[in-house]
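Text of query_32.pdb (PDB, C-alpha atoms, pLDDT in the B column) as supplied:
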```
ATOM      1  CA  MET Q   1      63.793  51.350  -3.215  1.00 48.00           C
ATOM      2  CA  SER Q   2      61.553  48.371  -3.825  1.00 49.00           C
ATOM      3  CA  ARG Q   3      57.888  48.672  -4.314  1.00 50.00           C
ATOM      4  CA  SER Q   4      55.313  45.952  -3.669  1.00 49.00           C
ATOM      5  CA  TRP Q   5      52.452  45.615  -6.027  1.00 50.00           C
ATOM      6  CA  SER Q   6      49.794  43.102  -7.003  1.00 49.00           C
ATOM      7  CA  ARG Q   7      48.479  42.057 -10.363  1.00 55.00           C
ATOM      8  CA  TRP Q   8      44.952  42.160  -8.973  1.00 52.00           C
ATOM      9  CA  PRO Q   9      43.232  45.401  -8.079  1.00 54.00           C
ATOM     10  CA  CYS Q  10      42.353  45.842  -4.451  1.00 55.00           C
ATOM     11  CA  GLN Q  11      38.926  44.511  -3.647  1.00 57.00           C
ATOM     12  CA  ARG Q  12      36.852  46.340  -1.148  1.00 60.00           C
ATOM     13  CA  TYR Q  13      35.086  44.412   1.593  1.00 52.00           C
ATOM     14  CA  TYR Q  14      31.372  44.926   1.739  1.00 53.00           C
ATOM     15  CA  ALA Q  15      29.514  43.843   4.849  1.00 56.00           C
ATOM     16  CA  PRO Q  16      26.518  41.609   4.068  1.00 61.00           C
ATOM     17  CA  ARG Q  17      23.247  43.414   3.979  1.00 67.00           C
ATOM     18  CA  PRO Q  18      21.107  42.692   7.024  1.00 69.00           C
ATOM     19  CA  ARG Q  19      18.163  40.401   6.311  1.00 70.00           C
ATOM     20  CA  SER Q  20      14.830  42.090   6.147  1.00 78.00           C
ATOM     21  CA  LEU Q  21      12.257  41.486   8.845  1.00 77.00           C
ATOM     22  CA  TRP Q  22      10.076  39.641   6.347  1.00 81.00           C
ATOM     23  CA  ARG Q  23      12.947  37.278   5.385  1.00 80.00           C
ATOM     24  CA  ARG Q  24      13.718  36.544   9.038  1.00 76.00           C
ATOM     25  CA  LEU Q  25      10.056  35.786   9.737  1.00 77.00           C
ATOM     26  CA  MET Q  26       9.985  33.435   6.738  1.00 78.00           C
ATOM     27  CA  ASP Q  27      13.071  31.595   8.015  1.00 76.00           C
ATOM     28  CA  TYR Q  28      11.600  31.243  11.495  1.00 76.00           C
ATOM     29  CA  GLY Q  29       8.317  30.032  10.031  1.00 80.00           C
ATOM     30  CA  LEU Q  30       9.992  27.359   7.900  1.00 81.00           C
ATOM     31  CA  THR Q  31      12.020  26.210  10.889  1.00 84.00           C
ATOM     32  CA  LEU Q  32       8.847  25.835  12.962  1.00 79.00           C
ATOM     33  CA  ILE Q  33       7.135  23.892  10.168  1.00 84.00           C
ATOM     34  CA  VAL Q  34      10.046  21.466   9.839  1.00 75.00           C
ATOM     35  CA  LEU Q  35      10.174  20.938  13.616  1.00 75.00           C
ATOM     36  CA  GLY Q  36       6.416  20.446  13.724  1.00 64.00           C
ATOM     37  CA  LEU Q  37       6.523  17.816  10.965  1.00 70.00           C
ATOM     38  CA  ALA Q  38       9.350  16.002  12.735  1.00 59.00           C
ATOM     39  CA  ILE Q  39       7.362  15.918  15.980  1.00 62.00           C
ATOM     40  CA  LEU Q  40       4.236  14.749  14.149  1.00 57.00           C
ATOM     41  CA  LEU Q  41       6.188  12.017  12.379  1.00 54.00           C
ATOM     42  CA  ALA Q  42       7.625  10.754  15.650  1.00 50.00           C
ATOM     43  CA  ALA Q  43       4.197  10.803  17.287  1.00 47.00           C
ATOM     44  CA  ARG Q  44       2.599   8.837  14.433  1.00 50.00           C
ATOM     45  CA  LEU Q  45       5.217   6.116  13.983  1.00 46.00           C
ATOM     46  CA  ASP Q  46       3.251   3.915  16.343  1.00 46.00           C
ATOM     47  CA  ARG Q  47       0.498   3.741  13.717  1.00 50.00           C
ATOM     48  CA  VAL Q  48       2.663   1.721  11.329  1.00 51.00           C
ATOM     49  CA  GLU Q  49       3.634  -0.979  13.769  1.00 64.00           C
ATOM     50  CA  THR Q  50       2.804  -4.515  12.671  1.00 77.00           C
ATOM     51  CA  ARG Q  51      -0.428  -5.954  14.019  1.00 86.00           C
ATOM     52  CA  LYS Q  52      -0.631  -9.694  14.582  1.00 90.00           C
ATOM     53  CA  THR Q  53      -3.720 -11.764  15.156  1.00 90.00           C
ATOM     54  CA  GLU Q  54      -4.408 -15.494  15.214  1.00 92.00           C
ATOM     55  CA  GLY Q  55      -7.123 -17.968  15.998  1.00 93.00           C
ATOM     56  CA  ALA Q  56     -10.147 -19.553  14.345  1.00 95.00           C
ATOM     57  CA  ALA Q  57     -11.038 -17.863  11.054  1.00 95.00           C
ATOM     58  CA  THR Q  58     -14.346 -17.215   9.348  1.00 95.00           C
ATOM     59  CA  VAL Q  59     -13.917 -17.241   5.566  1.00 97.00           C
ATOM     60  CA  ASN Q  60     -15.807 -14.417   3.868  1.00 96.00           C
ATOM     61  CA  ASP Q  61     -14.670 -15.006   0.289  1.00 96.00           C
ATOM     62  CA  GLY Q  62     -11.603 -16.142  -1.621  1.00 96.00           C
ATOM     63  CA  ASP Q  63      -9.283 -13.467  -0.263  1.00 96.00           C
ATOM     64  CA  SER Q  64     -10.796 -12.168   2.969  1.00 96.00           C
ATOM     65  CA  ILE Q  65     -11.417 -13.621   6.403  1.00 97.00           C
ATOM     66  CA  THR Q  66     -12.502 -12.502   9.848  1.00 96.00           C
ATOM     67  CA  LEU Q  67     -10.090 -13.410  12.589  1.00 93.00           C
ATOM     68  CA  GLY Q  68     -10.706 -12.595  16.227  1.00 87.00           C
ATOM     69  CA  GLY Q  69     -13.061  -9.775  15.301  1.00 88.00           C
ATOM     70  CA  GLU Q  70     -10.527  -8.306  12.842  1.00 93.00           C
ATOM     71  CA  ARG Q  71     -11.554  -8.174   9.185  1.00 95.00           C
ATOM     72  CA  ILE Q  72      -8.558  -9.153   7.059  1.00 95.00           C
ATOM     73  CA  ARG Q  73      -7.993  -8.696   3.345  1.00 95.00           C
ATOM     74  CA  MET Q  74      -5.205 -11.030   2.238  1.00 95.00           C
ATOM     75  CA  ARG Q  75      -2.402  -8.851   0.899  1.00 95.00           C
ATOM     76  CA  GLY Q  76      -0.912  -9.296  -2.570  1.00 95.00           C
ATOM     77  CA  ILE Q  77      -3.720 -11.416  -4.042  1.00 96.00           C
ATOM     78  CA  ASP Q  78      -7.151 -10.818  -5.565  1.00 96.00           C
ATOM     79  CA  ALA Q  79      -9.765 -13.572  -5.752  1.00 97.00           C
ATOM     80  CA  PRO Q  80     -13.031 -13.558  -7.705  1.00 97.00           C
ATOM     81  CA  GLU Q  81     -15.855 -11.874  -5.812  1.00 95.00           C
ATOM     82  CA  TYR Q  82     -18.276 -14.254  -4.110  1.00 95.00           C
ATOM     83  CA  SER Q  83     -21.036 -13.606  -6.670  1.00 95.00           C
ATOM     84  CA  GLN Q  84     -18.674 -13.557  -9.666  1.00 96.00           C
ATOM     85  CA  ILE Q  85     -19.314 -15.936 -12.564  1.00 97.00           C
ATOM     86  CA  CYS Q  86     -16.566 -17.302 -14.816  1.00 98.00           C
ATOM     87  CA  ARG Q  87     -16.717 -19.496 -17.915  1.00 97.00           C
ATOM     88  CA  LYS Q  88     -15.232 -22.894 -18.695  1.00 96.00           C
ATOM     89  CA  ASP Q  89     -15.905 -25.387 -21.503  1.00 95.00           C
ATOM     90  CA  GLY Q  90     -18.631 -23.141 -22.859  1.00 94.00           C
ATOM     91  CA  ALA Q  91     -20.563 -22.964 -19.594  1.00 97.00           C
ATOM     92  CA  ASP Q  92     -20.805 -20.497 -16.737  1.00 97.00           C
ATOM     93  CA  TYR Q  93     -19.768 -21.552 -13.251  1.00 98.00           C
ATOM     94  CA  PRO Q  94     -19.647 -19.825  -9.833  1.00 98.00           C
ATOM     95  CA  CYS Q  95     -15.910 -19.158  -9.610  1.00 98.00           C
ATOM     96  CA  GLY Q  96     -16.365 -16.761  -6.676  1.00 97.00           C
ATOM     97  CA  LYS Q  97     -17.986 -19.452  -4.542  1.00 98.00           C
ATOM     98  CA  LEU Q  98     -15.322 -21.980  -5.583  1.00 98.00           C
ATOM     99  CA  ALA Q  99     -12.577 -19.520  -4.626  1.00 98.00           C
ATOM    100  CA  ARG Q 100     -14.122 -19.263  -1.165  1.00 98.00           C
ATOM    101  CA  GLN Q 101     -14.342 -23.070  -0.933  1.00 98.00           C
ATOM    102  CA  SER Q 102     -10.660 -23.313  -1.864  1.00 98.00           C
ATOM    103  CA  LEU Q 103      -9.716 -21.046   1.044  1.00 97.00           C
ATOM    104  CA  VAL Q 104     -11.958 -23.047   3.395  1.00 97.00           C
ATOM    105  CA  ARG Q 105     -10.132 -26.230   2.338  1.00 97.00           C
ATOM    106  CA  LEU Q 106      -6.718 -24.611   2.826  1.00 97.00           C
ATOM    107  CA  ILE Q 107      -7.620 -23.556   6.359  1.00 96.00           C
ATOM    108  CA  ALA Q 108      -9.351 -26.864   7.112  1.00 95.00           C
ATOM    109  CA  GLY Q 109     -10.424 -25.762  10.591  1.00 91.00           C
ATOM    110  CA  LYS Q 110      -6.859 -25.007  11.701  1.00 94.00           C
ATOM    111  CA  ALA Q 111      -5.847 -21.854  13.581  1.00 95.00           C
ATOM    112  CA  VAL Q 112      -4.805 -19.035  11.270  1.00 96.00           C
ATOM    113  CA  SER Q 113      -2.080 -16.467  11.917  1.00 95.00           C
ATOM    114  CA  CYS Q 114      -2.000 -13.144  10.057  1.00 96.00           C
ATOM    115  CA  SER Q 115       0.113 -10.017  10.372  1.00 94.00           C
ATOM    116  CA  GLY Q 116       0.138  -6.624   8.672  1.00 94.00           C
ATOM    117  CA  TRP Q 117       0.201  -2.876   9.198  1.00 88.00           C
ATOM    118  CA  GLN Q 118      -1.685  -1.438   6.231  1.00 89.00           C
ATOM    119  CA  ARG Q 119      -5.438  -1.075   5.833  1.00 89.00           C
ATOM    120  CA  ASP Q 120      -7.457  -0.945   2.646  1.00 87.00           C
ATOM    121  CA  ARG Q 121     -10.113   1.644   1.892  1.00 83.00           C
ATOM    122  CA  TYR Q 122     -12.697  -0.527   3.654  1.00 85.00           C
ATOM    123  CA  SER Q 123     -10.587  -0.410   6.861  1.00 89.00           C
ATOM    124  CA  ARG Q 124      -9.700  -4.089   6.572  1.00 92.00           C
ATOM    125  CA  LEU Q 125      -6.208  -5.096   7.678  1.00 93.00           C
ATOM    126  CA  LEU Q 126      -4.048  -6.106   4.705  1.00 94.00           C
ATOM    127  CA  GLY Q 127      -2.685  -9.305   6.132  1.00 94.00           C
ATOM    128  CA  ASP Q 128      -0.004 -11.819   5.315  1.00 95.00           C
ATOM    129  CA  CYS Q 129      -1.651 -15.025   6.489  1.00 95.00           C
ATOM    130  CA  LYS Q 130       0.861 -17.811   6.870  1.00 88.00           C
ATOM    131  CA  ASP Q 131       0.861 -20.069   3.777  1.00 90.00           C
ATOM    132  CA  LEU Q 132      -2.607 -18.916   2.671  1.00 96.00           C
ATOM    133  CA  ASN Q 133      -1.931 -15.951   0.366  1.00 97.00           C
ATOM    134  CA  ARG Q 134       0.567 -17.878  -1.721  1.00 97.00           C
ATOM    135  CA  ALA Q 135      -1.463 -21.097  -1.699  1.00 97.00           C
ATOM    136  CA  GLN Q 136      -4.587 -19.413  -3.089  1.00 98.00           C
ATOM    137  CA  VAL Q 137      -2.588 -18.103  -6.054  1.00 98.00           C
ATOM    138  CA  GLU Q 138      -0.865 -21.462  -6.556  1.00 98.00           C
ATOM    139  CA  ALA Q 139      -4.243 -23.211  -6.574  1.00 98.00           C
ATOM    140  CA  GLY Q 140      -5.445 -20.827  -9.274  1.00 98.00           C
ATOM    141  CA  TRP Q 141      -8.247 -19.303  -7.205  1.00 98.00           C
ATOM    142  CA  ALA Q 142      -6.690 -15.859  -6.896  1.00 98.00           C
ATOM    143  CA  VAL Q 143      -4.589 -13.671  -9.169  1.00 97.00           C
ATOM    144  CA  ALA Q 144      -1.389 -11.911  -8.200  1.00 96.00           C
ATOM    145  CA  PHE Q 145      -2.162  -8.424  -6.940  1.00 93.00           C
ATOM    146  CA  GLY Q 146       1.196  -6.847  -6.197  1.00 89.00           C
ATOM    147  CA  ASP Q 147       2.922 -10.095  -5.232  1.00 91.00           C
ATOM    148  CA  PHE Q 148       3.172 -13.810  -6.132  1.00 96.00           C
ATOM    149  CA  GLU Q 149       3.648 -13.279  -9.883  1.00 96.00           C
ATOM    150  CA  THR Q 150       5.769 -16.454 -10.174  1.00 97.00           C
ATOM    151  CA  GLU Q 151       3.052 -18.535  -8.522  1.00 97.00           C
ATOM    152  CA  GLU Q 152       0.446 -17.012 -10.827  1.00 98.00           C
ATOM    153  CA  ALA Q 153       2.508 -17.865 -13.897  1.00 98.00           C
ATOM    154  CA  ALA Q 154       2.746 -21.510 -12.779  1.00 98.00           C
ATOM    155  CA  ALA Q 155      -1.007 -21.698 -12.095  1.00 98.00           C
ATOM    156  CA  ARG Q 156      -1.770 -20.176 -15.488  1.00 97.00           C
ATOM    157  CA  ALA Q 157       0.552 -22.635 -17.259  1.00 98.00           C
ATOM    158  CA  GLY Q 158      -1.095 -25.548 -15.450  1.00 98.00           C
ATOM    159  CA  LYS Q 159      -4.629 -24.205 -16.112  1.00 97.00           C
ATOM    160  CA  ALA Q 160      -5.366 -24.414 -12.395  1.00 98.00           C
ATOM    161  CA  GLY Q 161      -8.568 -22.969 -10.974  1.00 97.00           C
ATOM    162  CA  ILE Q 162      -9.882 -19.978 -12.900  1.00 98.00           C
ATOM    163  CA  TRP Q 163      -7.054 -20.327 -15.427  1.00 98.00           C
ATOM    164  CA  GLY Q 164      -8.800 -23.440 -16.812  1.00 97.00           C
ATOM    165  CA  GLY Q 165     -11.333 -21.164 -18.490  1.00 97.00           C
ATOM    166  CA  THR Q 166     -12.015 -17.484 -19.064  1.00 97.00           C
ATOM    167  CA  PHE Q 167     -12.772 -14.830 -16.472  1.00 97.00           C
ATOM    168  CA  ASP Q 168     -12.792 -11.121 -15.810  1.00 96.00           C
ATOM    169  CA  GLU Q 169     -10.017  -9.853 -13.575  1.00 95.00           C
ATOM    170  CA  PRO Q 170     -11.673  -9.391 -10.161  1.00 95.00           C
ATOM    171  CA  LYS Q 171     -10.882  -5.669 -10.103  1.00 92.00           C
ATOM    172  CA  ASN Q 172     -12.464  -5.246 -13.563  1.00 93.00           C
ATOM    173  CA  TRP Q 173     -15.494  -7.292 -12.508  1.00 94.00           C
ATOM    174  CA  ARG Q 174     -16.003  -5.090  -9.445  1.00 92.00           C
ATOM    175  CA  GLU Q 175     -15.768  -1.950 -11.549  1.00 90.00           C
ATOM    176  CA  SER Q 176     -18.250  -3.220 -14.143  1.00 90.00           C
ATOM    177  CA  HIS Q 177     -20.748  -4.364 -11.495  1.00 85.00           C
ATOM    178  CA  GLY Q 178     -21.224  -1.057  -9.734  1.00 77.00           C
ATOM    179  CA  HIS Q 179     -18.531  -1.292  -7.073  1.00 64.00           C
ATOM    180  CA  GLU Q 180     -17.443   2.338  -6.860  1.00 51.00           C
ATOM    181  CA  LEU Q 181     -14.294   1.715  -4.838  1.00 51.00           C
ATOM    182  CA  VAL Q 182     -11.936  -0.476  -6.830  1.00 49.00           C
ATOM    183  CA  GLU Q 183      -8.992  -1.919  -4.925  1.00 57.00           C
ATOM    184  CA  ARG Q 184      -5.471  -0.841  -5.804  1.00 58.00           C
ATOM    185  CA  LYS Q 185      -2.649  -3.301  -6.233  1.00 60.00           C
ATOM    186  CA  HIS Q 186      -0.856  -3.913  -2.965  1.00 55.00           C
ATOM    187  CA  GLY Q 187       2.584  -3.195  -4.375  1.00 52.00           C
ATOM    188  CA  THR Q 188       5.463  -0.906  -3.421  1.00 51.00           C
ATOM    189  CA  LEU Q 189       3.914   2.412  -4.474  1.00 49.00           C
ATOM    190  CA  ALA Q 190       0.641   1.596  -2.722  1.00 50.00           C
ATOM    191  CA  SER Q 191       2.577   0.648   0.411  1.00 47.00           C
ATOM    192  CA  ILE Q 192       4.432   3.981   0.412  1.00 50.00           C
ATOM    193  CA  GLY Q 193       1.165   5.868   0.042  1.00 50.00           C
ATOM    194  CA  ASP Q 194      -0.479   3.835   2.788  1.00 49.00           C
ATOM    195  CA  ALA Q 195       2.477   4.432   5.102  1.00 46.00           C
ATOM    196  CA  LEU Q 196       2.267   8.191   4.603  1.00 51.00           C
ATOM    197  CA  ARG Q 197      -1.494   8.135   5.129  1.00 48.00           C
ATOM    198  CA  GLU Q 198      -1.106   6.116   8.334  1.00 47.00           C
ATOM    199  CA  ILE Q 199       1.598   8.440   9.667  1.00 45.00           C
ATOM    200  CA  PHE Q 200      -0.295  11.655   9.050  1.00 49.00           C
ATOM    201  CA  ARG Q 201      -3.764  10.376   9.886  1.00 47.00           C
ATOM    202  CA  PHE Q 202      -5.108  12.320  12.885  1.00 40.00           C
ATOM    203  CA  TRP Q 203      -7.974   9.973  13.714  1.00 45.00           C
TER     204      TRP Q 203
END
```

As a first step, turn the structure in this file into structure tokens.
Amino acid sequence: MSRSWSRWPCQRYYAPRPRSLWRRLMDYGLTLIVLGLAILLAARLDRVETRKTEGAATVNDGDSITLGGERIRMRGIDAPEYSQICRKDGADYPCGKLARQSLVRLIAGKAVSCSGWQRDRYSRLLGDCKDLNRAQVEAGWAVAFGDFETEEAAARAGKAGIWGGTFDEPKNWRESHGHELVERKHGTLASIGDALREIFRFW
């Protein structure tokens, strides 16, 4: 008479304990939160669409213009403030005014086209203005501010514009002259933060 046996002891089956009411409520609550965030995200995606504007521009300073009623801060660059003073050959000179004049010359009365989706803390559109952002850095009248590092290096090597003398970085000049809100670099991390702020902004 044969006898079947197993090396392993018999294991009893235990039915899973029912979840408590509190645990079920927590699960339902988390599900509702996730669904709500998904709906909010879908509803706010229209806020990050690219805005385009073109026409005759009014130059405010070396990195900002007004175009069709839209105030635009040129993305990825930072020019000396209009009242900023720099130094060259042992003498002070109005580098902020010269930066503005450089942008006026680049535009030369032609129509300007800008596009962007982010806004800075002054509610200005951070715009990529065709050929202008890069050209201001190449001419040495703006520093790279999240973009155009290669162009800045070439301008510095050629002592173009402000690189022909000494100057305070525009962001440092603003901070030291009582400007409470100092601009952030318009790089990748800033763009991610701006995108999240645009998506979840209610007004």

Closest contacts (stretch 110-189 of chain Q/stretch 47-67 of chain Q, max 12 Å, all atoms listed in the file) as JSON lines:
```
{"residue": "Q:Lys110", "atom": "CA", "partner": "Q:Ala56", "partner_atom": "CA", "distance": 6.9}
{"residue": "Q:Ala111", "atom": "CA", "partner": "Q:Gly55", "partner_atom": "CA", "distance": 4.8}
{"residue": "Q:Val112", "atom": "CA", "partner": "Q:Glu54", "partner_atom": "CA", "distance": 5.3}
{"residue": "Q:Ser113", "atom": "CA", "partner": "Q:Glu54", "partner_atom": "CA", "distance": 4.2}
{"residue": "Q:Cys114", "atom": "CA", "partner": "Q:Thr53", "partner_atom": "CA", "distance": 5.6}
{"residue": "Q:Ser115", "atom": "CA", "partner": "Q:Lys52", "partner_atom": "CA", "distance": 4.3}
{"residue": "Q:Gly116", "atom": "CA", "partner": "Q:Thr50", "partner_atom": "CA", "distance": 5.2}
{"residue": "Q:Trp117", "atom": "CA", "partner": "Q:Thr50", "partner_atom": "CA", "distance": 4.6}
{"residue": "Q:Gln118", "atom": "CA", "partner": "Q:Val48", "partner_atom": "CA", "distance": 7.4}
{"residue": "Q:Arg119", "atom": "CA", "partner": "Q:Val48", "partner_atom": "CA", "distance": 10.2}
{"residue": "Q:Asp120", "atom": "CA", "partner": "Q:Ser64", "partner_atom": "CA", "distance": 11.7}
{"residue": "Q:Tyr122", "atom": "CA", "partner": "Q:Ser64", "partner_atom": "CA", "distance": 11.8}
{"residue": "Q:Arg124", "atom": "CA", "partner": "Q:Ser64", "partner_atom": "CA", "distance": 8.9}
{"residue": "Q:Leu125", "atom": "CA", "partner": "Q:Arg51", "partner_atom": "CA", "distance": 8.6}
{"residue": "Q:Leu126", "atom": "CA", "partner": "Q:Ser64", "partner_atom": "CA", "distance": 9.2}
{"residue": "Q:Gly127", "atom": "CA", "partner": "Q:Lys52", "partner_atom": "CA", "distance": 8.7}
{"residue": "Q:Asp128", "atom": "CA", "partner": "Q:Lys52", "partner_atom": "CA", "distance": 9.5}
{"residue": "Q:Cys129", "atom": "CA", "partner": "Q:Glu54", "partner_atom": "CA", "distance": 9.2}
{"residue": "Q:Lys130", "atom": "CA", "partner": "Q:Glu54", "partner_atom": "CA", "distance": 10.1}
{"residue": "Q:Leu132", "atom": "CA", "partner": "Q:Asp63", "partner_atom": "CA", "distance": 9.1}
{"residue": "Q:Asn133", "atom": "CA", "partner": "Q:Asp63", "partner_atom": "CA", "distance": 7.8}
{"residue": "Q:Arg134", "atom": "CA", "partner": "Q:Asp63", "partner_atom": "CA", "distance": 10.9}
{"residue": "Q:Ala135", "atom": "CA", "partner": "Q:Asp63", "partner_atom": "CA", "distance": 11.0}
{"residue": "Q:Gln136", "atom": "CA", "partner": "Q:Gly62", "partner_atom": "CA", "distance": 7.9}
{"residue": "Q:Val137", "atom": "CA", "partner": "Q:Asp63", "partner_atom": "CA", "distance": 10.0}
{"residue": "Q:Ala139", "atom": "CA", "partner": "Q:Gly62", "partner_atom": "CA", "distance": 11.3}
{"residue": "Q:Gly140", "atom": "CA", "partner": "Q:Gly62", "partner_atom": "CA", "distance": 10.9}
{"residue": "Q:Trp141", "atom": "CA", "partner": "Q:Gly62", "partner_atom": "CA", "distance": 7.2}
{"residue": "Q:Ala142", "atom": "CA", "partner": "Q:Gly62", "partner_atom": "CA", "distance": 7.2}
{"residue": "Q:Val143", "atom": "CA", "partner": "Q:Asp63", "partner_atom": "CA", "distance": 10.1}
{"residue": "Q:Ala144", "atom": "CA", "partner": "Q:Asp63", "partner_atom": "CA", "distance": 11.3}
{"residue": "Q:Phe145", "atom": "CA", "partner": "Q:Asp63", "partner_atom": "CA", "distance": 11.0}
{"residue": "Q:Gly161", "atom": "CA", "partner": "Q:Gly62", "partner_atom": "CA", "distance": 12.0}
{"residue": "Q:Pro170", "atom": "CA", "partner": "Q:Gly62", "partner_atom": "CA", "distance": 10.9}
```

Separation of atom CA of Q:Ile77 from atom CA of Q:Phe148, in Å and rounded to one decimal: 7.6 Å

Chain and number of each residue from the PyMOL selection byres ((chain Q and resi 98) around 12), as a VMD selection string: chain Q and resid 61 to 63 79 to 86 93 to 97 99 to 105 136 139 to 142 161 to 162

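In this comparison, which uses only C-alpha atoms, the residue of Q:Arg24, Q:Thr166, Q:Glu138, Q:Ile33 approaching Q:Ala153 most closely is Q:Glu138.
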
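Picture a line from atom CA of Q:Arg73 to atom CA of Q:Ser123; it runs 9.4 Å.
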
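Atom CA of Q:Gly76 lies 4.7 Å from atom CA of Q:Asp147.
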